[in-house]
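The structure file coords_7.cif is reproduced below (mmCIF, C-alpha atoms).
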```cif
data_upload
loop_
_atom_site.label_atom_id
_atom_site.label_comp_id
_atom_site.auth_asym_id
_atom_site.auth_seq_id
_atom_site.Cartn_x
_atom_site.Cartn_y
_atom_site.Cartn_z
CA MET A 1 0.00 0.00 0.00
CA ASN A 2 1.45 3.37 -0.95
CA VAL A 3 1.39 6.42 1.34
CA ARG A 4 -1.54 8.07 -0.47
CA LEU A 5 -3.77 4.99 -0.04
CA TYR A 6 -2.59 4.55 3.57
CA VAL A 7 -3.60 8.13 4.41
CA TRP A 8 -6.99 7.75 2.66
CA GLN A 9 -7.71 4.52 4.51
CA ARG A 10 -6.86 6.03 7.92
CA LEU A 11 -8.71 9.28 7.14
CA THR A 12 -11.89 7.47 6.10
CA ALA A 13 -11.57 5.22 9.19
CA ALA A 14 -11.39 8.29 11.44
CA ILE A 15 -14.40 9.83 9.68
CA MET A 16 -16.42 6.61 9.93
CA ALA A 17 -15.78 5.82 13.62
CA PRO A 18 -18.35 8.37 14.93
CA LEU A 19 -20.70 7.54 12.02
CA VAL A 20 -20.60 3.82 12.94
CA LEU A 21 -21.36 4.65 16.58
CA ALA A 22 -24.30 6.83 15.55
CA HIS A 23 -25.48 4.07 13.16
CA ILE A 24 -25.43 1.52 16.01
CA VAL A 25 -27.45 3.91 18.20
CA VAL A 26 -29.97 4.34 15.34
CA ILE A 27 -30.18 0.54 14.93
CA PHE A 28 -31.02 0.17 18.63
CA TYR A 29 -33.57 3.01 18.42
CA ALA A 30 -35.15 1.70 15.20
CA THR A 31 -35.51 -1.87 16.49
CA ARG A 32 -37.07 -0.92 19.84
CA LYS A 33 -40.57 -1.79 18.55
CA GLY A 34 -39.51 -3.84 15.52
CA LEU A 35 -38.37 -2.46 12.17
CA SER A 36 -40.96 -1.06 9.79
CA ALA A 37 -40.53 0.65 6.43
CA ALA A 38 -43.02 3.36 7.44
CA ASP A 39 -40.96 4.28 10.55
CA ILE A 40 -37.67 4.27 8.65
CA LEU A 41 -38.96 6.40 5.77
CA ALA A 42 -40.84 8.78 8.09
CA ARG A 43 -37.50 9.50 9.74
CA THR A 44 -35.39 9.83 6.60
CA ARG A 45 -37.59 11.19 3.76
CA GLY A 46 -36.94 14.85 3.08
CA SER A 47 -34.24 15.02 5.77
CA VAL A 48 -31.12 16.95 4.79
CA VAL A 49 -29.42 15.77 8.00
CA TRP A 50 -29.92 12.05 7.24
CA ALA A 51 -29.02 12.63 3.57
CA SER A 52 -25.73 14.25 4.62
CA PHE A 53 -25.06 11.62 7.32
CA TYR A 54 -25.63 8.60 5.08
CA GLY A 55 -24.13 10.33 2.02
CA ALA A 56 -20.86 10.91 3.90
CA PHE A 57 -21.03 7.35 5.27
CA VAL A 58 -21.40 5.86 1.77
CA VAL A 59 -18.51 7.88 0.31
CA ALA A 60 -16.17 7.05 3.23
CA ALA A 61 -17.19 3.35 3.25
CA ALA A 62 -16.71 2.98 -0.53
CA ILE A 63 -13.17 4.45 -0.34
CA HIS A 64 -12.24 2.56 2.84
CA ALA A 65 -13.56 -0.80 1.62
CA ALA A 66 -11.94 -0.46 -1.81
CA ILE A 67 -8.51 0.18 -0.27
CA GLY A 68 -9.00 -2.72 2.16
CA ILE A 69 -10.04 -5.08 -0.65
CA ARG A 70 -7.02 -3.98 -2.68
CA ASN A 71 -4.72 -4.86 0.23
CA VAL A 72 -6.35 -8.27 0.70
CA LEU A 73 -6.20 -9.05 -3.03
CA SER A 74 -2.56 -8.04 -3.38
CA GLU A 75 -1.51 -9.99 -0.27
CA TRP A 76 -3.77 -13.07 -0.42
CA SER A 77 -4.41 -13.59 -4.14
CA PRO A 78 -2.10 -14.23 -7.09
CA LEU A 79 -3.09 -10.84 -8.57
CA GLN A 80 -0.39 -8.26 -9.15
CA ASP A 81 -0.76 -4.71 -7.76
CA ARG A 82 -2.28 -3.41 -11.00
CA GLY A 83 -4.94 -6.14 -11.21
CA ALA A 84 -5.75 -5.86 -7.51
CA GLY A 85 -6.06 -2.08 -7.87
CA MET A 86 -8.40 -2.34 -10.86
CA LEU A 87 -10.69 -4.93 -9.21
CA ALA A 88 -10.76 -2.99 -5.94
CA SER A 89 -11.52 0.28 -7.74
CA ALA A 90 -14.39 -1.39 -9.58
CA PHE A 91 -15.71 -2.68 -6.24
CA GLY A 92 -15.42 0.82 -4.74
CA VAL A 93 -17.35 2.37 -7.64
CA LEU A 94 -20.06 -0.33 -7.37
CA LEU A 95 -20.33 0.26 -3.63
CA PHE A 96 -20.61 4.02 -4.16
CA LEU A 97 -23.31 3.65 -6.84
CA LEU A 98 -25.38 1.16 -4.81
CA GLY A 99 -24.93 3.27 -1.67
CA ALA A 100 -25.90 6.50 -3.42
CA ARG A 101 -29.01 4.75 -4.82
CA ALA A 102 -29.91 3.52 -1.32
CA VAL A 103 -29.51 7.01 0.17
CA ILE A 104 -31.64 8.52 -2.62
CA ALA A 105 -34.26 5.80 -2.06
CA VAL A 106 -34.67 6.59 1.63
CA VAL A 107 -34.26 10.39 1.68
CA LEU A 108 -36.08 11.60 -1.44
CA PRO A 109 -39.58 12.76 -0.44
CA MET B 110 7.69 -23.52 6.88
CA THR B 111 8.53 -24.86 10.34
CA LEU B 112 6.35 -24.71 13.46
CA GLY B 113 8.70 -22.04 14.81
CA HIS B 114 7.74 -19.76 11.92
CA LEU B 115 4.07 -20.11 12.85
CA ARG B 116 4.52 -19.40 16.57
CA HIS B 117 3.63 -15.70 16.17
CA ARG B 118 0.18 -16.80 15.00
CA GLN B 119 -0.65 -17.79 18.57
CA SER B 120 -0.27 -14.16 19.67
CA VAL B 121 -3.47 -12.36 20.65
CA LEU B 122 -2.40 -9.37 18.55
CA TRP B 123 -1.80 -11.50 15.42
CA ILE B 124 -5.27 -12.98 15.90
CA ALA B 125 -6.61 -9.42 16.40
CA ALA B 126 -5.07 -8.37 13.07
CA LEU B 127 -6.56 -11.42 11.31
CA VAL B 128 -9.98 -10.80 12.88
CA HIS B 129 -9.79 -7.14 11.79
CA ARG B 130 -9.09 -8.20 8.22
CA LEU B 131 -11.73 -10.96 8.11
CA SER B 132 -14.40 -8.74 9.71
CA GLY B 133 -13.61 -6.04 7.13
CA LEU B 134 -13.95 -8.60 4.31
CA ALA B 135 -17.27 -9.84 5.67
CA LEU B 136 -18.58 -6.25 5.95
CA ALA B 137 -17.44 -5.53 2.37
CA VAL B 138 -19.42 -8.57 1.17
CA PHE B 139 -22.47 -7.52 3.20
CA LEU B 140 -22.54 -3.82 2.20
CA PRO B 141 -23.79 -4.26 -1.40
CA VAL B 142 -26.63 -6.45 -0.09
CA HIS B 143 -27.47 -3.84 2.56
CA PHE B 144 -27.54 -1.08 -0.06
CA LEU B 145 -29.66 -3.15 -2.44
CA THR B 146 -32.14 -3.79 0.38
CA LEU B 147 -32.47 -0.09 1.27
CA GLY B 148 -32.67 0.67 -2.44
CA LEU B 149 -35.97 -1.25 -2.53
CA ALA B 150 -37.55 1.93 -1.16
CA ILE B 151 -36.93 3.60 -4.51
CA ARG B 152 -40.10 1.81 -5.72
CA GLY B 153 -42.05 2.89 -2.64
CA GLU B 154 -42.62 1.75 0.93
CA ALA B 155 -44.20 -1.65 0.13
CA PRO B 156 -41.15 -3.51 -1.30
CA LEU B 157 -39.01 -2.44 1.68
CA GLU B 158 -41.76 -3.40 4.14
CA SER B 159 -42.11 -6.78 2.46
CA PHE B 160 -38.37 -7.40 2.84
CA LEU B 161 -38.41 -6.29 6.48
CA ARG B 162 -41.23 -8.76 7.27
CA TRP B 163 -39.16 -11.51 5.59
CA SER B 164 -36.23 -10.45 7.83
CA ASP B 165 -38.30 -11.17 10.97
CA GLN B 166 -37.14 -14.79 10.76
CA PRO B 167 -34.96 -15.84 13.72
CA LEU B 168 -32.02 -16.80 11.50
CA VAL B 169 -32.02 -13.39 9.81
CA LYS B 170 -32.14 -11.65 13.21
CA LEU B 171 -29.20 -13.79 14.29
CA ALA B 172 -27.31 -12.79 11.13
CA GLU B 173 -28.11 -9.09 11.76
CA SER B 174 -26.72 -9.34 15.29
CA ALA B 175 -23.63 -11.08 13.91
CA LEU B 176 -23.17 -8.18 11.48
CA VAL B 177 -23.44 -5.64 14.32
CA PHE B 178 -20.82 -7.71 16.16
CA LEU B 179 -18.51 -7.60 13.12
CA LEU B 180 -19.11 -3.87 12.63
CA MET B 181 -18.26 -3.08 16.28
CA LEU B 182 -15.26 -5.43 16.17
CA HIS B 183 -13.91 -3.81 13.00
CA MET B 184 -14.50 -0.27 14.29
CA LEU B 185 -12.94 -0.86 17.72
CA GLY B 186 -10.04 -2.78 16.14
CA GLY B 187 -9.54 0.12 13.73
CA LEU B 188 -9.64 2.67 16.56
CA ARG B 189 -6.95 0.66 18.36
CA LEU B 190 -4.78 0.87 15.22
CA LEU B 191 -5.38 4.62 14.85
CA VAL B 192 -4.37 5.14 18.49
CA ILE B 193 -1.21 3.03 18.06
CA GLU B 194 -0.22 4.89 14.90
CA ASN B 195 -1.01 8.44 16.00
CA LEU B 196 -0.47 8.62 19.76
CA PRO B 197 2.53 7.77 21.95
CA TRP B 198 2.91 4.00 22.48
CA ARG B 199 1.14 2.55 25.48
CA GLY B 200 1.10 -1.00 26.81
CA GLY B 201 -1.90 -3.24 27.36
CA GLN B 202 -2.55 -3.81 23.64
CA LYS B 203 -3.61 -7.43 24.21
CA GLU B 204 -6.05 -6.29 26.87
CA ALA B 205 -7.37 -3.54 24.55
CA ALA B 206 -7.98 -6.12 21.79
CA ALA B 207 -9.75 -8.43 24.26
CA ILE B 208 -11.91 -5.54 25.56
CA ALA B 209 -12.83 -4.63 21.95
CA ALA B 210 -13.98 -8.21 21.30
CA GLY B 211 -15.87 -8.42 24.60
CA LEU B 212 -17.61 -5.07 24.13
CA SER B 213 -18.58 -5.98 20.55
CA ALA B 214 -20.04 -9.30 21.70
CA ALA B 215 -21.94 -7.61 24.55
CA ILE B 216 -23.54 -5.01 22.24
CA ALA B 217 -24.45 -7.65 19.62
CA LEU B 218 -25.97 -9.96 22.26
CA PHE B 219 -27.92 -7.03 23.76
CA LEU B 220 -29.32 -6.24 20.30
CA LEU B 221 -30.18 -9.90 19.73
CA ALA B 222 -32.00 -10.07 23.08
CA ARG B 223 -33.99 -6.92 22.21
CA MET B 224 -35.02 -8.28 18.80
CA PHE B 225 -36.53 -11.50 20.20
#
```
Go through the file and emit its structure as structure tokens.
Amino acid sequence: MNVRLYVWQRLTAAIMAPLVLAHIVVIFYATRKGLSAADILARTRGSVVWASFYGAFVVAAAIHAAIGIRNVLSEWSPLQDRGAGMLASAFGVLLFLLGARAVIAVVLP
Amino acid sequence: MTLGHLRHRQSVLWIAALVHRLSGLALAVFLPVHFLTLGLAIRGEAPLESFLRWSDQPLVKLAESALVFLLMLHMLGGLRLLVIENLPWRGGQKEAAAIAAGLSAAIALFLLARMF
């Protein structure tokens, strides 16, 4: 892993730590009476705060996961750095697109 | 490779590093599924509600608690690394790794108990 990727992985980790804690708190709150789509969407639809929260989460997670996958592929698979980087980048882009779609699905009024 | 070369793999901190990597891999596999599930709401409330009712099965609840366990484990393991790399060295790393695992298990079990 080069220095640029190392810094991005640590930076996204530091950004995500409080987001993960908040997400766990939300999970506990949301499951107190059982999960329902109506409750989830009532909380998130039209909310700029939740859009920003989950938008930032998706971006940080896509970058962090892609770098992690690249490290695993280059250390545990026969792929060379270039191949591992391309596969991991594709995974990061897929994660970002699916995540962005999920955020749009739950926050758009 | 001799047994002597593998001795370091009995260390709590080597196991912590492996667990950090494997939990990260498992979360990376889970995330696309999680996003696809939430994305069901793009076609309205009903598809998401239908999935959530399917997820009421005990095995799915167990899997959700396991994912919360992995998420906590990966986050606390990552925080331990950030502290090691950015703050002056302090001892008790094995204890810190054990506390991270214990706390993660406690939170996941608490969630599991609440869901049943």
Would you list the residues near (-21.8, -4.8, -0.1), meaning any protein, DNA or RNA residue with an atom at most 10 Å from that point in file coordinates, counting only C-alpha atoms, as an MDAnalysis selection string?
(chainID A and resid 61:62 65 91:92 94:96 98:99) or (chainID B and resid 134:145)
As a compact mmCIF listing (two decimals) with C-alpha atoms, keeping the file's coordinate frame, could you give me every residue of chain A near chain B (at most 7 Å apart, counting only C-alpha atoms)?
```
# COMPACT_ATOMS: atom_id res chain seq x y z
CA ALA A 17 -15.78 5.82 13.62
CA PHE A 28 -31.02 0.17 18.63
CA THR A 31 -35.51 -1.87 16.49
CA LEU A 35 -38.37 -2.46 12.17
CA SER A 36 -40.96 -1.06 9.79
CA ALA A 37 -40.53 0.65 6.43
CA ALA A 38 -43.02 3.36 7.44
CA ALA A 65 -13.56 -0.80 1.62
CA LEU A 95 -20.33 0.26 -3.63
CA LEU A 98 -25.38 1.16 -4.81
CA GLY A 99 -24.93 3.27 -1.67
CA ARG A 101 -29.01 4.75 -4.82
CA ALA A 102 -29.91 3.52 -1.32
CA ALA A 105 -34.26 5.80 -2.06
CA VAL A 106 -34.67 6.59 1.63
```
Here's the selection I'm unsure about, the PyMOL selection byres ((chain A and resi 70) around 10); applied to the file above, which residues does it give, as a list of chain:residue names?
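This file gives the following for the PyMOL selection byres ((chain A and resi 70) around 10): A:Met1, A:Leu5, A:Ala65, A:Ala66, A:Ile67, A:Gly68, A:Ile69, A:Asn71, A:Val72, A:Leu73, A:Ser74, A:Glu75, A:Trp76, A:Leu79, A:Asp81, A:Arg82, A:Gly83, A:Ala84, A:Gly85, A:Met86, A:Leu87, A:Ala88, A:Ser89, A:Phe91, A:Gly92.
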